[in-house]
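Participant: Got a structure for you, questions after.
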Amino acid sequence: MELGIVELSRLQFAMTAMYHFLFVPLTLGLSVIIAIMETVYVMTGRPIWRQMTKFWGLLFGINFAIGVATGITMEFQFGMNWSYFSHYVGDIFGAPLALEGLMAFFLEATFVGLFFFGWDKLSRIQHLVVTWLVALGSNFSALWILIANGWMQNPVGAVFNPDTMRMEMTSFFDVMFNNVAQAKFVHTVSAGYVTAAVFVIGVSAWYLLKGRHTELARRSITVAASFGLAGALSVVVLGDESGYMATHSQKMKLAAMEGMWESEPAPASFILFGLPDQEARETKYALHIPYVMGLIGTRSLTKDIPGINELITVSEQRIRSGIIAYDALMTIREQRESTSAEVRELFETHGGDLGYAFLLKRYVDDPRDASEAQILQAANDTLPKVWPLFWSFRLMVALGFGFIAVMVYFFWRSNFRQQTYPRWALRAAVAIIPAPWIAAELGWFVAEYGRQPWTVDGVLPTALSVSHLSVQDLLLTLAGFMIFYTVLFIIEMGLMLKFIRKGPIEDVEETETWMARHEQRLRNPDFTAKEQTP
């Protein structure tokens, strides 16, 4: 397999996935924020909260529609560009992907339609239920995607069948409740909540700077700051949980993120700053914070975290074990039903390392013919480039703590300073609107690039997962996808900016009705709750 095909296939999927994820976080968070706003509207009856729900709901709808369009094309790539991956692990990967499709197109999309067109056809309570179902559908749609991705990071609940040459599911429960998948889900959803909170605060701050829609803007900031503070704190806590999971399932990714070349005595320190040098296998000018990495990675002060060099040695051992498994597999394929019990037992013993033998196929057709130099090279391939992971992770963490500071500040000003905000703070809120998307993209880069050279960690190398396409095919489709996605992104930004500039539309009739009833309630203390309800 030509390396150029592998690289182009990876580039195409990376670009389409990162484009698609520009729309996902805002959908996740904004759906919940508008549900909160409508809940307040139903509880108080104040028209301003209905106005807020409709305005932010319109922006949610634009983002949702473009997100669906970009997501559909991604799934076709599994059959087009990653056909061997689909064949090899389709029994496991396909199940949560199918459930995501059912969730997105039958539950989520149905209730989105009711949300927009049901205001005058449903009662307040019925419409509120619809809005919360939109929020739940959006978030649970993400759950199934992250279960599929989490399985690729930590392939549990499945075994390789030497007779069919495919991975087969043994426990859907284990796949669904995979610890890595669950940690990724809550971390990703929390990041979406922060994204939506920053977006709402930023747009509302722009209105306050312009002196427009100030009542809506102040209330929106109050809701978003409270919601975003909870989300930002959750992101940090759940990111710590992801680090702990990586200690057990993806040790090499964790060591690369930390630039930890040698195993350190427990408890390991965290490198706050450094310059990783992959050729010299050291991190120069490292500034260590004692104990922190040990606490994050092991939840203790006594357990060691293996370094990169030790993990490469472990990979070399697993490659040698995988060669034994590969030899047994070839014997099983040749002899079929007549295969001896000893050969099958040998495969069972070493079958867990079969994927490591497949790493050699980059250099030799038959892993059993690999030289010592090729085995050592394949072992070194299990280490991704360190410096991109090292710095992407640190920038993401820095942004995460920055969001906590922003949410604390606006929460304080909203609740203890009578919703007054200095102009410098409002300008800063507008300026940082893109920051959560940068943090989210960095997070996905760390998760996916850090898994290399694997498509399914320890099971299927990326180099074996691609389809037999030509470079011309890949260049053509890559250009087509990029043009298509860029057009959609421009449309999204144009529509968003258009309706933000236009601002919310006030429901004059409902406002006047509410004001009349409010005045009547003030004049008549015996005004009943039934009469208060429009």
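Residues in the structure tokens are named by chain (A, B, ... in the order shown) and by number from 1 within that chain; ligands are numbered from 1 in the order shown.
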Got a sec: who's within 8 Å of region 345-359 of chain A, counting only C-alpha atoms, leaving out chain neighbours fewer than 2 positions off, as a list of chain:residue names?

Facilitator: A:Phe160, A:Ser315, A:Arg318, A:Ile319, A:Arg320, A:Ser321, A:Gly322, A:Ile323, A:Ile324, A:Ala325, A:Tyr326, A:Ala328, A:Leu329, A:Ala341, A:Glu342, A:Val343, A:Lys361, A:Arg362, A:Pro367, A:Ala378, A:Gly458, A:Val459, A:Leu460, A:Pro461, A:Leu464

Participant: Produce a file of the selected residues containing N, CA, C and O atoms, as a compact mmCIF listing (two decimals), in the first residue's frame.

Facilitator:
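Ended up saving to selection12.txt:
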# COMPACT_ATOMS: atom_id res chain seq x y z
N PHE A 160 -11.07 -11.09 17.92
CA PHE A 160 -10.76 -11.41 16.53
C PHE A 160 -11.08 -12.88 16.29
O PHE A 160 -10.67 -13.77 17.03
N SER A 315 6.47 -2.42 23.10
CA SER A 315 5.91 -2.60 21.75
C SER A 315 6.73 -3.61 20.95
O SER A 315 6.18 -4.43 20.20
N ARG A 318 5.73 -6.97 22.02
CA ARG A 318 4.41 -7.34 21.53
C ARG A 318 4.44 -7.63 20.03
O ARG A 318 3.65 -8.45 19.54
N ILE A 319 5.32 -6.97 19.28
CA ILE A 319 5.46 -7.28 17.86
C ILE A 319 5.97 -8.71 17.69
O ILE A 319 5.48 -9.47 16.84
N ARG A 320 6.95 -9.10 18.49
CA ARG A 320 7.48 -10.47 18.41
C ARG A 320 6.39 -11.48 18.78
O ARG A 320 6.27 -12.54 18.15
N SER A 321 5.59 -11.15 19.79
CA SER A 321 4.48 -12.03 20.15
C SER A 321 3.44 -12.06 19.03
O SER A 321 2.87 -13.12 18.72
N GLY A 322 3.21 -10.91 18.40
CA GLY A 322 2.26 -10.84 17.30
C GLY A 322 2.69 -11.68 16.11
O GLY A 322 1.84 -12.24 15.39
N ILE A 323 3.99 -11.78 15.86
CA ILE A 323 4.49 -12.62 14.77
C ILE A 323 4.12 -14.08 15.01
O ILE A 323 3.74 -14.81 14.09
N ILE A 324 4.22 -14.49 16.26
CA ILE A 324 3.81 -15.86 16.61
C ILE A 324 2.32 -16.05 16.33
O ILE A 324 1.89 -17.07 15.77
N ALA A 325 1.51 -15.04 16.72
CA ALA A 325 0.07 -15.11 16.46
C ALA A 325 -0.21 -15.14 14.96
O ALA A 325 -1.09 -15.88 14.50
N TYR A 326 0.53 -14.35 14.20
CA TYR A 326 0.33 -14.30 12.75
C TYR A 326 0.67 -15.65 12.11
O TYR A 326 -0.04 -16.12 11.21
N ALA A 328 0.49 -18.57 13.56
CA ALA A 328 -0.59 -19.49 13.91
C ALA A 328 -1.84 -19.21 13.08
O ALA A 328 -2.54 -20.13 12.64
N LEU A 329 -2.09 -17.93 12.83
CA LEU A 329 -3.25 -17.55 12.03
C LEU A 329 -3.13 -18.08 10.61
O LEU A 329 -4.11 -18.59 10.03
N ALA A 341 -5.52 -28.49 17.86
CA ALA A 341 -5.87 -27.72 19.05
C ALA A 341 -4.67 -26.92 19.55
O ALA A 341 -4.84 -25.82 20.10
N GLU A 342 -3.46 -27.46 19.36
CA GLU A 342 -2.26 -26.77 19.83
C GLU A 342 -2.06 -25.45 19.09
O GLU A 342 -1.69 -24.43 19.69
N VAL A 343 -2.33 -25.44 17.77
CA VAL A 343 -2.16 -24.23 16.99
C VAL A 343 -3.19 -23.18 17.42
O VAL A 343 -2.86 -21.99 17.58
N LYS A 361 3.60 -4.85 8.19
CA LYS A 361 3.17 -4.90 6.79
C LYS A 361 3.50 -3.62 6.04
O LYS A 361 3.43 -3.58 4.82
N ARG A 362 3.85 -2.59 6.77
CA ARG A 362 4.31 -1.36 6.13
C ARG A 362 5.67 -1.58 5.48
O ARG A 362 6.03 -0.86 4.54
N PRO A 367 4.83 -10.64 7.82
CA PRO A 367 5.53 -10.26 9.05
C PRO A 367 6.54 -11.28 9.54
O PRO A 367 7.51 -10.93 10.22
N ALA A 378 9.25 -0.79 13.40
CA ALA A 378 7.82 -0.87 13.68
C ALA A 378 7.52 -0.51 15.13
O ALA A 378 6.50 0.13 15.43
N GLY A 458 -4.06 -0.80 19.05
CA GLY A 458 -3.53 -2.12 19.31
C GLY A 458 -4.12 -3.23 18.47
O GLY A 458 -3.71 -4.39 18.60
N VAL A 459 -5.07 -2.91 17.60
CA VAL A 459 -5.78 -3.93 16.83
C VAL A 459 -5.53 -3.79 15.33
O VAL A 459 -5.16 -4.76 14.66
N LEU A 460 -5.75 -2.59 14.79
CA LEU A 460 -5.66 -2.40 13.34
C LEU A 460 -4.87 -1.13 13.04
O LEU A 460 -5.32 -0.03 13.37
N PRO A 461 -3.69 -1.26 12.40
CA PRO A 461 -2.92 -0.07 12.04
C PRO A 461 -3.62 0.76 10.97
O PRO A 461 -4.34 0.23 10.12
N LEU A 464 -3.18 -0.12 7.21
CA LEU A 464 -3.91 -1.25 6.62
C LEU A 464 -5.40 -0.96 6.45
O LEU A 464 -6.12 -1.77 5.88

Participant: I need the helix (DSSP H, G or I) residues of region 120-229 of chain A per DSSP on the backbone, written as a PyMOL selection string.

Facilitator: chain A and resi 124-153+172-176+179-210+214-229

Participant: Could you please determine the separation between CA of Glu316 (chain A) and CA of Asp381 (chain A) in Å, to one decimal place?

Facilitator: 10.2 Å

Participant: Taking into account only C-alpha atoms, which residue in the set A:Lys251, A:Gly67, A:Phe403, A:Phe393 is nearest to Ser234 (chain A)?

Facilitator: A:Phe403

Participant: Determine, for each residue of region 248-276 of chain A having at least one atom at most 8 Å from an atom of region 294-313 of chain A, the closest pair of atoms and their separation in Å to one decimal, counting only C-alpha atoms; order by chain and ascending number, as JSON lines.

Facilitator:
{"residue": "A:Lys251", "atom": "CA", "partner": "A:Pro306", "partner_atom": "CA", "distance": 7.4}
{"residue": "A:Met252", "atom": "CA", "partner": "A:Ile308", "partner_atom": "CA", "distance": 6.5}
{"residue": "A:Ala255", "atom": "CA", "partner": "A:Gly307", "partner_atom": "CA", "distance": 5.8}
{"residue": "A:Ala256", "atom": "CA", "partner": "A:Ile308", "partner_atom": "CA", "distance": 7.0}
{"residue": "A:Met260", "atom": "CA", "partner": "A:Gly307", "partner_atom": "CA", "distance": 5.3}
{"residue": "A:Trp261", "atom": "CA", "partner": "A:Ile308", "partner_atom": "CA", "distance": 4.5}
{"residue": "A:Glu262", "atom": "CA", "partner": "A:Gly307", "partner_atom": "CA", "distance": 4.3}
{"residue": "A:Ser263", "atom": "CA", "partner": "A:Gly307", "partner_atom": "CA", "distance": 4.1}
{"residue": "A:Glu264", "atom": "CA", "partner": "A:Asp304", "partner_atom": "CA", "distance": 6.8}
{"residue": "A:Pro265", "atom": "CA", "partner": "A:Asp304", "partner_atom": "CA", "distance": 6.1}
{"residue": "A:Ala266", "atom": "CA", "partner": "A:Asp304", "partner_atom": "CA", "distance": 4.9}
{"residue": "A:Pro267", "atom": "CA", "partner": "A:Gly294", "partner_atom": "CA", "distance": 4.4}
{"residue": "A:Ala268", "atom": "CA", "partner": "A:Gly294", "partner_atom": "CA", "distance": 4.5}
{"residue": "A:Ser269", "atom": "CA", "partner": "A:Gly294", "partner_atom": "CA", "distance": 6.4}
{"residue": "A:Phe270", "atom": "CA", "partner": "A:Gly294", "partner_atom": "CA", "distance": 7.9}

Participant: What is the CA of Ala14 (chain A) to CA of Ala148 (chain A) distance in Å?

Facilitator: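 Rounded to one decimal, the two atoms are 16.3 Å apart.
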
Participant: So that I can check the surroundings of Leu497 (chain A), please list as a list of chain:residue names every protein, DNA and RNA residue that reaches within 10 Å of it, counting only C-alpha atoms and ignoring chain neighbours fewer than 6 positions away.

Facilitator: A:Leu59, A:Val203, A:Ile491, A:Gly503

Participant: Restricting the calculation to only C-alpha atoms, which member of A:Gln419, A:Ser141, A:Thr110, A:Thr195 is positioned closest to Leu30 (chain A)?

Facilitator: A:Thr195

Participant: Could you pull out the residues in region 8-223 of chain A that DSSP calls strand (DSSP E) from the backbone, as a CSV table (one decimal) with all heavy atoms, in the first residue's frame?

Facilitator:
chain,number,residue,atom,x,y,z
A,158,ALA,N,-15.0,-7.1,22.2
A,158,ALA,CA,-14.9,-7.7,20.9
A,158,ALA,C,-13.6,-8.6,20.8
A,158,ALA,O,-12.7,-8.4,21.6
A,158,ALA,CB,-14.8,-6.6,19.8
A,159,VAL,N,-13.6,-9.6,20.0
A,159,VAL,CA,-12.5,-10.5,19.8
A,159,VAL,C,-12.3,-10.7,18.3
A,159,VAL,O,-13.2,-10.5,17.5
A,159,VAL,CB,-12.7,-11.8,20.5
A,159,VAL,CG1,-12.7,-11.7,22.0
A,159,VAL,CG2,-13.9,-12.6,19.9
A,160,PHE,N,-11.1,-11.1,17.9
A,160,PHE,CA,-10.8,-11.4,16.5
A,160,PHE,C,-11.1,-12.9,16.3
A,160,PHE,O,-10.7,-13.8,17.0
A,160,PHE,CB,-9.3,-11.1,16.2
A,160,PHE,CG,-8.9,-11.5,14.9
A,160,PHE,CD1,-9.1,-10.7,13.8
A,160,PHE,CD2,-8.2,-12.7,14.6
A,160,PHE,CE1,-8.8,-11.0,12.5
A,160,PHE,CE2,-7.8,-13.1,13.3
A,160,PHE,CZ,-8.1,-12.2,12.3
A,161,ASN,N,-11.8,-13.1,15.2
A,161,ASN,CA,-12.2,-14.5,14.8
A,161,ASN,C,-11.2,-15.0,13.7
A,161,ASN,O,-11.3,-14.4,12.6
A,161,ASN,CB,-13.6,-14.6,14.3
A,161,ASN,CG,-14.1,-16.0,14.1
A,161,ASN,OD1,-13.3,-16.9,13.7
A,161,ASN,ND2,-15.4,-16.2,14.2
A,166,ARG,N,-12.1,-11.3,11.0
A,166,ARG,CA,-12.7,-10.1,11.3
A,166,ARG,C,-12.9,-10.0,12.9
A,166,ARG,O,-12.9,-11.0,13.5
A,166,ARG,CB,-14.1,-10.0,10.7
A,166,ARG,CG,-14.2,-10.0,9.2
A,166,ARG,CD,-15.6,-10.0,8.7
A,166,ARG,NE,-16.2,-8.7,9.0
A,166,ARG,CZ,-17.5,-8.5,9.0
A,166,ARG,NH1,-18.4,-9.5,8.8
A,166,ARG,NH2,-18.0,-7.3,9.2
A,167,MET,N,-13.0,-8.8,13.3
A,167,MET,CA,-13.3,-8.5,14.7
A,167,MET,C,-14.9,-8.8,14.9
A,167,MET,O,-15.6,-8.3,14.1
A,167,MET,CB,-13.0,-7.1,15.2
A,167,MET,CG,-11.5,-6.8,15.2
A,167,MET,SD,-10.6,-7.7,16.5
A,167,MET,CE,-11.3,-7.0,18.0
A,168,GLU,N,-15.2,-9.4,16.0
A,168,GLU,CA,-16.7,-9.7,16.2
A,168,GLU,C,-17.0,-9.3,17.6
A,168,GLU,O,-16.2,-9.4,18.6
A,168,GLU,CB,-17.0,-11.2,16.0
A,168,GLU,CG,-16.7,-11.6,14.6
A,168,GLU,CD,-17.0,-13.1,14.4
A,168,GLU,OE1,-17.3,-13.8,15.4
A,168,GLU,OE2,-16.9,-13.6,13.2
A,169,MET,N,-18.2,-8.7,17.8
A,169,MET,CA,-18.6,-8.2,19.1
A,169,MET,C,-19.0,-9.4,20.0
A,169,MET,O,-19.7,-10.3,19.6
A,169,MET,CB,-19.9,-7.3,18.9
A,169,MET,CG,-20.3,-6.6,20.2
A,169,MET,SD,-21.8,-5.6,20.0
A,169,MET,CE,-21.2,-4.4,18.8

Participant: Neighbours of Phe489 (chain A) within 12 Å (only C-alpha atoms; same-chain residues fewer than 2 positions away dropped), as a PyMOL selection string?

Facilitator: chain A and resi 16+18-23+62-63+65-67+69-70+481-487+491-496
